[in-house]
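For reference, my_file_24.tsv (TSV, N, CA and C atoms):
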chain	number	residue	atom	x	y	z
A	413	MET	N	18.25	2.89	2.68
A	413	MET	CA	17.04	2.84	3.49
A	413	MET	C	15.83	2.75	2.56
A	414	PHE	N	14.95	1.84	2.87
A	414	PHE	CA	13.71	1.64	2.11
A	414	PHE	C	12.57	2.27	2.89
A	415	ARG	N	11.81	3.14	2.23
A	415	ARG	CA	10.64	3.76	2.86
A	415	ARG	C	9.46	3.70	1.91
A	416	MET	N	8.31	3.32	2.46
A	416	MET	CA	7.08	3.22	1.67
A	416	MET	C	5.97	3.98	2.40
A	417	TRP	N	5.23	4.77	1.64
A	417	TRP	CA	4.14	5.58	2.18
A	417	TRP	C	2.83	4.88	1.87
A	418	CYS	N	2.05	4.58	2.90
A	418	CYS	CA	0.74	3.94	2.75
A	418	CYS	C	-0.33	4.95	3.18
A	419	LYS	N	-1.33	5.16	2.30
A	419	LYS	CA	-2.34	6.19	2.56
A	419	LYS	C	-3.74	5.63	2.32
A	420	GLN	N	-4.65	5.99	3.19
A	420	GLN	CA	-6.07	5.66	3.00
A	420	GLN	C	-6.78	6.91	2.50
A	421	TRP	N	-7.58	6.75	1.45
A	421	TRP	CA	-8.30	7.86	0.84
A	421	TRP	C	-9.80	7.60	0.89
A	422	LYS	N	-10.54	8.64	1.23
A	422	LYS	CA	-12.00	8.58	1.21
A	422	LYS	C	-12.52	9.91	0.69
A	423	GLN	N	-13.33	9.86	-0.34
A	423	GLN	CA	-13.91	11.05	-0.97
A	423	GLN	C	-12.82	12.08	-1.31
A	424	ASN	N	-11.75	11.59	-1.94
A	424	ASN	CA	-10.62	12.42	-2.39
A	424	ASN	C	-9.88	13.15	-1.27
A	425	LYS	N	-9.97	12.63	-0.06
A	425	LYS	CA	-9.22	13.20	1.07
A	425	LYS	C	-8.46	12.07	1.75
A	426	MET	N	-7.20	12.36	2.08
A	426	MET	CA	-6.40	11.39	2.80
A	426	MET	C	-6.87	11.36	4.26
A	427	ILE	N	-7.30	10.21	4.73
A	427	ILE	CA	-7.82	10.12	6.09
A	427	ILE	C	-6.84	9.43	7.04
A	428	ASN	N	-5.84	8.76	6.50
A	428	ASN	CA	-4.87	8.05	7.33
A	428	ASN	C	-3.62	7.81	6.52
A	429	ASP	N	-2.46	7.89	7.15
A	429	ASP	CA	-1.23	7.54	6.44
A	429	ASP	C	-0.17	7.06	7.42
A	430	VAL	N	0.78	6.33	6.88
A	430	VAL	CA	1.90	5.84	7.66
A	430	VAL	C	3.08	5.63	6.71
A	431	VAL	N	4.28	5.91	7.20
A	431	VAL	CA	5.49	5.62	6.43
A	431	VAL	C	6.16	4.42	7.07
A	432	ILE	N	6.38	3.40	6.26
A	432	ILE	CA	7.00	2.16	6.72
A	432	ILE	C	8.46	2.18	6.30
A	433	GLU	N	9.35	1.94	7.25
A	433	GLU	CA	10.79	1.89	6.96
A	433	GLU	C	11.28	0.47	7.15
A	434	ASN	N	12.23	0.07	6.30
A	434	ASN	CA	12.77	-1.28	6.37
A	434	ASN	C	14.25	-1.21	6.01
A	435	ASN	N	15.11	-1.56	6.96
A	435	ASN	CA	16.55	-1.53	6.74
A	435	ASN	C	17.15	-2.92	6.62
A	436	THR	N	16.33	-3.93	6.44
A	436	THR	CA	16.84	-5.30	6.34
A	436	THR	C	17.48	-5.53	4.98
A	437	SER	N	18.10	-6.67	4.83
A	437	SER	CA	18.74	-7.02	3.56
A	437	SER	C	17.81	-7.84	2.67
A	438	ASP	N	16.52	-7.84	2.99
A	438	ASP	CA	15.53	-8.55	2.17
A	438	ASP	C	15.50	-7.97	0.75
A	439	THR	N	14.87	-8.71	-0.15
A	439	THR	CA	14.69	-8.22	-1.52
A	439	THR	C	13.65	-7.09	-1.52
A	440	ARG	N	13.63	-6.33	-2.60
A	440	ARG	CA	12.66	-5.23	-2.73
A	440	ARG	C	11.24	-5.76	-2.61
A	441	THR	N	10.96	-6.89	-3.25
A	441	THR	CA	9.62	-7.48	-3.21
A	441	THR	C	9.22	-7.82	-1.78
A	442	HIS	N	10.11	-8.43	-1.02
A	442	HIS	CA	9.79	-8.77	0.37
A	442	HIS	C	9.57	-7.51	1.21
A	443	LYS	N	10.36	-6.48	0.97
A	443	LYS	CA	10.18	-5.23	1.71
A	443	LYS	C	8.81	-4.61	1.42
A	444	ILE	N	8.39	-4.66	0.17
A	444	ILE	CA	7.09	-4.10	-0.22
A	444	ILE	C	5.96	-4.90	0.44
A	445	LEU	N	6.01	-6.22	0.29
A	445	LEU	CA	4.96	-7.06	0.86
A	445	LEU	C	4.92	-6.95	2.38
A	446	ASP	N	6.08	-6.93	3.03
A	446	ASP	CA	6.13	-6.78	4.49
A	446	ASP	C	5.59	-5.42	4.92
A	447	GLY	N	5.87	-4.38	4.13
A	447	GLY	CA	5.37	-3.04	4.43
A	447	GLY	C	3.86	-2.96	4.35
A	448	VAL	N	3.28	-3.59	3.34
A	448	VAL	CA	1.82	-3.61	3.21
A	448	VAL	C	1.20	-4.35	4.39
A	449	VAL	N	1.79	-5.46	4.77
A	449	VAL	CA	1.29	-6.24	5.92
A	449	VAL	C	1.39	-5.41	7.20
A	450	GLU	N	2.52	-4.74	7.39
A	450	GLU	CA	2.70	-3.92	8.60
A	450	GLU	C	1.68	-2.79	8.68
A	451	ALA	N	1.45	-2.11	7.57
A	451	ALA	CA	0.46	-1.02	7.55
A	451	ALA	C	-0.94	-1.56	7.81
A	452	CYS	N	-1.30	-2.65	7.15
A	452	CYS	CA	-2.64	-3.21	7.33
A	452	CYS	C	-2.85	-3.74	8.74
A	453	ASP	N	-1.82	-4.36	9.31
A	453	ASP	CA	-1.93	-4.83	10.70
A	453	ASP	C	-2.12	-3.65	11.65
A	454	GLY	N	-1.41	-2.56	11.40
A	454	GLY	CA	-1.54	-1.37	12.24
A	454	GLY	C	-2.92	-0.75	12.18
A	455	TRP	N	-3.58	-0.89	11.04
A	455	TRP	CA	-4.93	-0.34	10.86
A	455	TRP	C	-6.00	-1.39	11.06
A	456	ASP	N	-5.64	-2.59	11.44
A	456	ASP	CA	-6.56	-3.71	11.65
A	456	ASP	C	-7.37	-3.99	10.37
A	457	LEU	N	-6.65	-4.09	9.25
A	457	LEU	CA	-7.25	-4.40	7.95
A	457	LEU	C	-6.77	-5.76	7.47
A	458	SER	N	-7.58	-6.39	6.64
A	458	SER	CA	-7.10	-7.60	5.97
A	458	SER	C	-6.09	-7.16	4.91
A	459	LYS	N	-5.22	-8.07	4.52
A	459	LYS	CA	-4.22	-7.75	3.51
A	459	LYS	C	-4.87	-7.72	2.13
A	460	PRO	N	-4.50	-6.77	1.28
A	460	PRO	CA	-5.10	-6.69	-0.06
A	460	PRO	C	-4.56	-7.79	-0.97
A	461	ILE	N	-5.34	-8.14	-1.95
A	461	ILE	CA	-4.93	-9.10	-2.96
A	461	ILE	C	-4.32	-8.32	-4.13
A	462	TRP	N	-3.12	-8.71	-4.52
A	462	TRP	CA	-2.44	-8.05	-5.65
A	462	TRP	C	-3.00	-8.60	-6.95
A	463	LEU	N	-3.68	-7.77	-7.71
A	463	LEU	CA	-4.17	-8.15	-9.03
A	463	LEU	C	-3.11	-7.81	-10.07
A	464	ASP	N	-3.23	-8.36	-11.26
A	464	ASP	CA	-2.26	-8.09	-12.32
A	464	ASP	C	-2.13	-6.59	-12.59
A	465	SER	N	-3.24	-5.89	-12.54
A	465	SER	CA	-3.21	-4.45	-12.79
A	465	SER	C	-2.38	-3.72	-11.72
A	466	ASN	N	-2.46	-4.16	-10.46
A	466	ASN	CA	-1.66	-3.56	-9.39
A	466	ASN	C	-0.17	-3.81	-9.64
A	467	ILE	N	0.16	-5.02	-10.02
A	467	ILE	CA	1.57	-5.37	-10.25
A	467	ILE	C	2.14	-4.55	-11.40
A	468	GLN	N	1.41	-4.44	-12.49
A	468	GLN	CA	1.87	-3.68	-13.65
A	468	GLN	C	2.03	-2.19	-13.32
A	469	GLU	N	1.05	-1.63	-12.62
A	469	GLU	CA	1.11	-0.22	-12.24
A	469	GLU	C	2.30	0.03	-11.30
A	470	PHE	N	2.50	-0.88	-10.35
A	470	PHE	CA	3.59	-0.71	-9.39
A	470	PHE	C	4.95	-0.83	-10.07
A	471	GLN	N	5.08	-1.74	-11.02
A	471	GLN	CA	6.34	-1.89	-11.73
A	471	GLN	C	6.68	-0.64	-12.54
A	472	LYS	N	5.69	0.03	-13.08
A	472	LYS	CA	5.91	1.22	-13.90
A	472	LYS	C	6.19	2.46	-13.07
A	473	MET	N	5.42	2.65	-11.99
A	473	MET	CA	5.45	3.93	-11.27
A	473	MET	C	5.84	3.83	-9.80
A	474	SER	N	6.13	2.64	-9.30
A	474	SER	CA	6.41	2.43	-7.87
A	474	SER	C	5.28	2.95	-6.99
A	475	LYS	N	4.05	2.79	-7.51
A	475	LYS	CA	2.87	3.29	-6.81
A	475	LYS	C	1.66	2.51	-7.32
A	476	THR	N	0.72	2.18	-6.42
A	476	THR	CA	-0.51	1.52	-6.84
A	476	THR	C	-1.61	1.78	-5.82
A	477	ARG	N	-2.84	1.47	-6.23
A	477	ARG	CA	-4.01	1.65	-5.36
A	477	ARG	C	-4.74	0.33	-5.21
A	478	PHE	N	-5.20	0.08	-4.00
A	478	PHE	CA	-6.02	-1.10	-3.72
A	478	PHE	C	-7.41	-0.63	-3.35
A	479	SER	N	-8.40	-0.98	-4.15
A	479	SER	CA	-9.79	-0.60	-3.88
A	479	SER	C	-10.52	-1.77	-3.22
A	480	GLN	N	-11.82	-1.64	-3.08
A	480	GLN	CA	-12.62	-2.70	-2.44
A	480	GLN	C	-12.43	-4.04	-3.17
A	481	ASP	N	-12.20	-4.02	-4.46
A	481	ASP	CA	-12.00	-5.26	-5.23
A	481	ASP	C	-10.79	-6.06	-4.76
A	482	ASN	N	-9.83	-5.39	-4.11
A	482	ASN	CA	-8.62	-6.05	-3.65
A	482	ASN	C	-8.74	-6.63	-2.24
A	483	PHE	N	-9.84	-6.33	-1.56
A	483	PHE	CA	-10.02	-6.78	-0.19
A	483	PHE	C	-11.19	-7.75	-0.10
A	484	ILE	N	-11.06	-8.74	0.76
A	484	ILE	CA	-12.14	-9.70	0.98
A	484	ILE	C	-13.20	-9.07	1.88
A	485	GLU	N	-12.74	-8.39	2.93
A	485	GLU	CA	-13.65	-7.74	3.88
A	485	GLU	C	-13.98	-6.32	3.40
A	486	GLU	N	-15.04	-5.77	3.95
A	486	GLU	CA	-15.44	-4.39	3.65
A	486	GLU	C	-14.39	-3.43	4.22
A	487	ILE	N	-14.05	-2.39	3.45
A	487	ILE	CA	-13.09	-1.40	3.93
A	487	ILE	C	-13.81	-0.07	4.17
A	488	PRO	N	-13.37	0.68	5.20
A	488	PRO	CA	-14.05	1.94	5.55
A	488	PRO	C	-13.51	3.16	4.80
A	489	PHE	N	-12.93	2.95	3.64
A	489	PHE	CA	-12.37	4.03	2.84
A	489	PHE	C	-12.52	3.64	1.37
A	490	ASP	N	-12.18	4.56	0.46
A	490	ASP	CA	-12.33	4.29	-0.97
A	490	ASP	C	-11.20	3.44	-1.53
A	491	TYR	N	-9.97	3.77	-1.16
A	491	TYR	CA	-8.83	2.97	-1.61
A	491	TYR	C	-7.61	3.19	-0.73
A	492	LEU	N	-6.72	2.21	-0.77
A	492	LEU	CA	-5.44	2.26	-0.08
A	492	LEU	C	-4.38	2.46	-1.16
A	493	GLU	N	-3.56	3.46	-0.98
A	493	GLU	CA	-2.51	3.75	-1.95
A	493	GLU	C	-1.15	3.52	-1.30
A	494	ILE	N	-0.26	2.83	-2.02
A	494	ILE	CA	1.10	2.66	-1.54
A	494	ILE	C	2.05	3.26	-2.55
A	495	GLN	N	3.14	3.84	-2.04
A	495	GLN	CA	4.10	4.52	-2.90
A	495	GLN	C	5.49	4.38	-2.28
A	496	ILE	N	6.48	4.04	-3.10
A	496	ILE	CA	7.85	3.95	-2.63
A	496	ILE	C	8.42	5.37	-2.55
A	497	LEU	N	9.00	5.72	-1.39
A	497	LEU	CA	9.61	7.03	-1.23
A	497	LEU	C	11.11	6.97	-1.47
A	498	ASP	N	11.79	6.01	-0.85
A	498	ASP	CA	13.24	5.86	-0.96
A	498	ASP	C	13.59	4.39	-1.08
A	499	GLU	N	14.67	4.15	-1.82
A	499	GLU	CA	15.21	2.78	-1.88
A	499	GLU	C	16.69	2.83	-1.66

So that I can check it, write out the structure of this file as structure tokens.
Amino acid sequence: MFRMWCKQWKQNKMINDVVIENNTSDTRTHKILDGVVEACDGWDLSKPIWLDSNIQEFQKMSKTRFSQDNFIEEIPFDYLEIQILDE
């Protein structure tokens, strides 16, 4: 079972979170990208742009943060954090 935790942070407080589960036979990359899309759609957000720094951080720690620089539209929080819980 694949589970990913998506959290919105504002002023060092978590203001929103959701755990995305995916039991398909997709690749890990597809599960991650689909999970981000599902969380953002649920919160009515545009999808973040993955920068090289996000990819490197995620490969090392299975966790990354998306700040305003990763979004085209204005976001109502400081950053979106995603973290793999189970694979």

| What's the 10 Å shell around Trp455 of chain A, counting only C-alpha atoms, without same-chain residues fewer than 6 positions away, as number ranges by chain? | A: 420, 428-430, 449

| Could you pull out the alpha helix (DSSP H) residues of chain A from DSSP and send them as a list in words? |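 DSSP-assigned alpha helix (DSSP H) residues in chain A: Arg440, Thr441, His442, Lys443, Ile444, Leu445, Asp446, Gly447, Val448, Val449, Glu450, Ala451, Cys452, Asp453, Gly454, Asp464, Ser465, Asn466, Ile467, Gln468, Glu469, Phe470, Gln471, Lys472 and Met473 of chain A.
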
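Atom to atom, atom CA of His442 of chain A and atom CA of Gln468 of chain A stand 16.9 Å apart.
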
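For the choices A:Ile461, A:Met416, A:Cys452, A:Ile487, the atom-to-atom distance to Asn434 of chain A is smallest for A:Met416 when using all atoms listed in the file.
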
| said: Taking only C-alpha atoms into account, name the residue in A:Arg415, A:Ile427, A:Met473, A:Glu485 that is nearest to Ile444 of chain A. | reply: A:Arg415

| field | Shell of 6.5 Å around Gln495 of chain A, only N, CA and C atoms, local chain residues under 6 positions omitted, as number ranges by chain | value | A: 415-419, 474-476

| message | Between A:Phe483, A:Phe470, A:Phe489, A:Phe414, which residue has the minimum interatomic distance to Asn435 of chain A, considering only C-alpha atoms? | response |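 Of A:Phe483, A:Phe470, A:Phe489, A:Phe414, the one nearest Asn435 of chain A, counting only C-alpha atoms, is A:Phe414.
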
| field | Separation of atom CA of Leu497 of chain A from atom C of Ile484 of chain A, in Å and rounded to one decimal | value | 28.1 Å

Where in segment 415-461 of chain A does DSSP assign strand (DSSP E), given as an mmCIF file with N, CA and C atoms, keeping the file's coordinate frame?
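Now in out-v6.cif:
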data_model
loop_
_atom_site.group_PDB
_atom_site.id
_atom_site.type_symbol
_atom_site.label_atom_id
_atom_site.label_comp_id
_atom_site.auth_asym_id
_atom_site.auth_seq_id
_atom_site.Cartn_x
_atom_site.Cartn_y
_atom_site.Cartn_z
ATOM 1 N N ARG A 415 11.810 3.140 2.230
ATOM 2 C CA ARG A 415 10.640 3.760 2.860
ATOM 3 C C ARG A 415 9.460 3.700 1.910
ATOM 4 N N MET A 416 8.310 3.320 2.460
ATOM 5 C CA MET A 416 7.080 3.220 1.670
ATOM 6 C C MET A 416 5.970 3.980 2.400
ATOM 7 N N TRP A 417 5.230 4.770 1.640
ATOM 8 C CA TRP A 417 4.140 5.580 2.180
ATOM 9 C C TRP A 417 2.830 4.880 1.870
ATOM 10 N N CYS A 418 2.050 4.580 2.900
ATOM 11 C CA CYS A 418 0.740 3.940 2.750
ATOM 12 C C CYS A 418 -0.330 4.950 3.180
ATOM 13 N N LYS A 419 -1.330 5.160 2.300
ATOM 14 C CA LYS A 419 -2.340 6.190 2.560
ATOM 15 C C LYS A 419 -3.740 5.630 2.320
ATOM 16 N N GLN A 420 -4.650 5.990 3.190
ATOM 17 C CA GLN A 420 -6.070 5.660 3.000
ATOM 18 C C GLN A 420 -6.780 6.910 2.500
ATOM 19 N N TRP A 421 -7.580 6.750 1.450
ATOM 20 C CA TRP A 421 -8.300 7.860 0.840
ATOM 21 C C TRP A 421 -9.800 7.600 0.890
ATOM 22 N N LYS A 422 -10.540 8.640 1.230
ATOM 23 C CA LYS A 422 -12.000 8.580 1.210
ATOM 24 C C LYS A 422 -12.520 9.910 0.690
ATOM 25 N N LYS A 425 -9.970 12.630 -0.060
ATOM 26 C CA LYS A 425 -9.220 13.200 1.070
ATOM 27 C C LYS A 425 -8.460 12.070 1.750
ATOM 28 N N MET A 426 -7.200 12.360 2.080
ATOM 29 C CA MET A 426 -6.400 11.390 2.800
ATOM 30 C C MET A 426 -6.870 11.360 4.260
ATOM 31 N N ILE A 427 -7.300 10.210 4.730
ATOM 32 C CA ILE A 427 -7.820 10.120 6.090
ATOM 33 C C ILE A 427 -6.840 9.430 7.040
ATOM 34 N N ASN A 428 -5.840 8.760 6.500
ATOM 35 C CA ASN A 428 -4.870 8.050 7.330
ATOM 36 C C ASN A 428 -3.620 7.810 6.520
ATOM 37 N N ASP A 429 -2.460 7.890 7.150
ATOM 38 C CA ASP A 429 -1.230 7.540 6.440
ATOM 39 C C ASP A 429 -0.170 7.060 7.420
ATOM 40 N N VAL A 430 0.780 6.330 6.880
ATOM 41 C CA VAL A 430 1.900 5.840 7.660
ATOM 42 C C VAL A 430 3.080 5.630 6.710
ATOM 43 N N VAL A 431 4.280 5.910 7.200
ATOM 44 C CA VAL A 431 5.490 5.620 6.430
ATOM 45 C C VAL A 431 6.160 4.420 7.070
ATOM 46 N N ILE A 432 6.380 3.400 6.260
ATOM 47 C CA ILE A 432 7.000 2.160 6.720
ATOM 48 C C ILE A 432 8.460 2.180 6.300
ATOM 49 N N GLU A 433 9.350 1.940 7.250
ATOM 50 C CA GLU A 433 10.790 1.890 6.960
ATOM 51 C C GLU A 433 11.280 0.470 7.150
ATOM 52 N N ASN A 434 12.230 0.070 6.300
ATOM 53 C CA ASN A 434 12.770 -1.280 6.370
ATOM 54 C C ASN A 434 14.250 -1.210 6.010
#

| said: Using Å and a single decimal, report how far atom C of Pro488 of chain A sits from atom C of Asp456 of chain A. | reply: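 Between these atoms lies a distance of 10.9 Å.
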
Within 6 Å of file point (17.3, 3.0, 0.1), counting only C-alpha atoms, expressed as a CSV table (one decimal) with N, CA and C atoms, in the frame of the given file:
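This is the output file result_11.csv:
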chain,number,residue,atom,x,y,z
A,413,MET,N,18.2,2.9,2.7
A,413,MET,CA,17.0,2.8,3.5
A,413,MET,C,15.8,2.8,2.6
A,414,PHE,N,15.0,1.8,2.9
A,414,PHE,CA,13.7,1.6,2.1
A,414,PHE,C,12.6,2.3,2.9
A,498,ASP,N,11.8,6.0,-0.8
A,498,ASP,CA,13.2,5.9,-1.0
A,498,ASP,C,13.6,4.4,-1.1
A,499,GLU,N,14.7,4.2,-1.8
A,499,GLU,CA,15.2,2.8,-1.9
A,499,GLU,C,16.7,2.8,-1.7
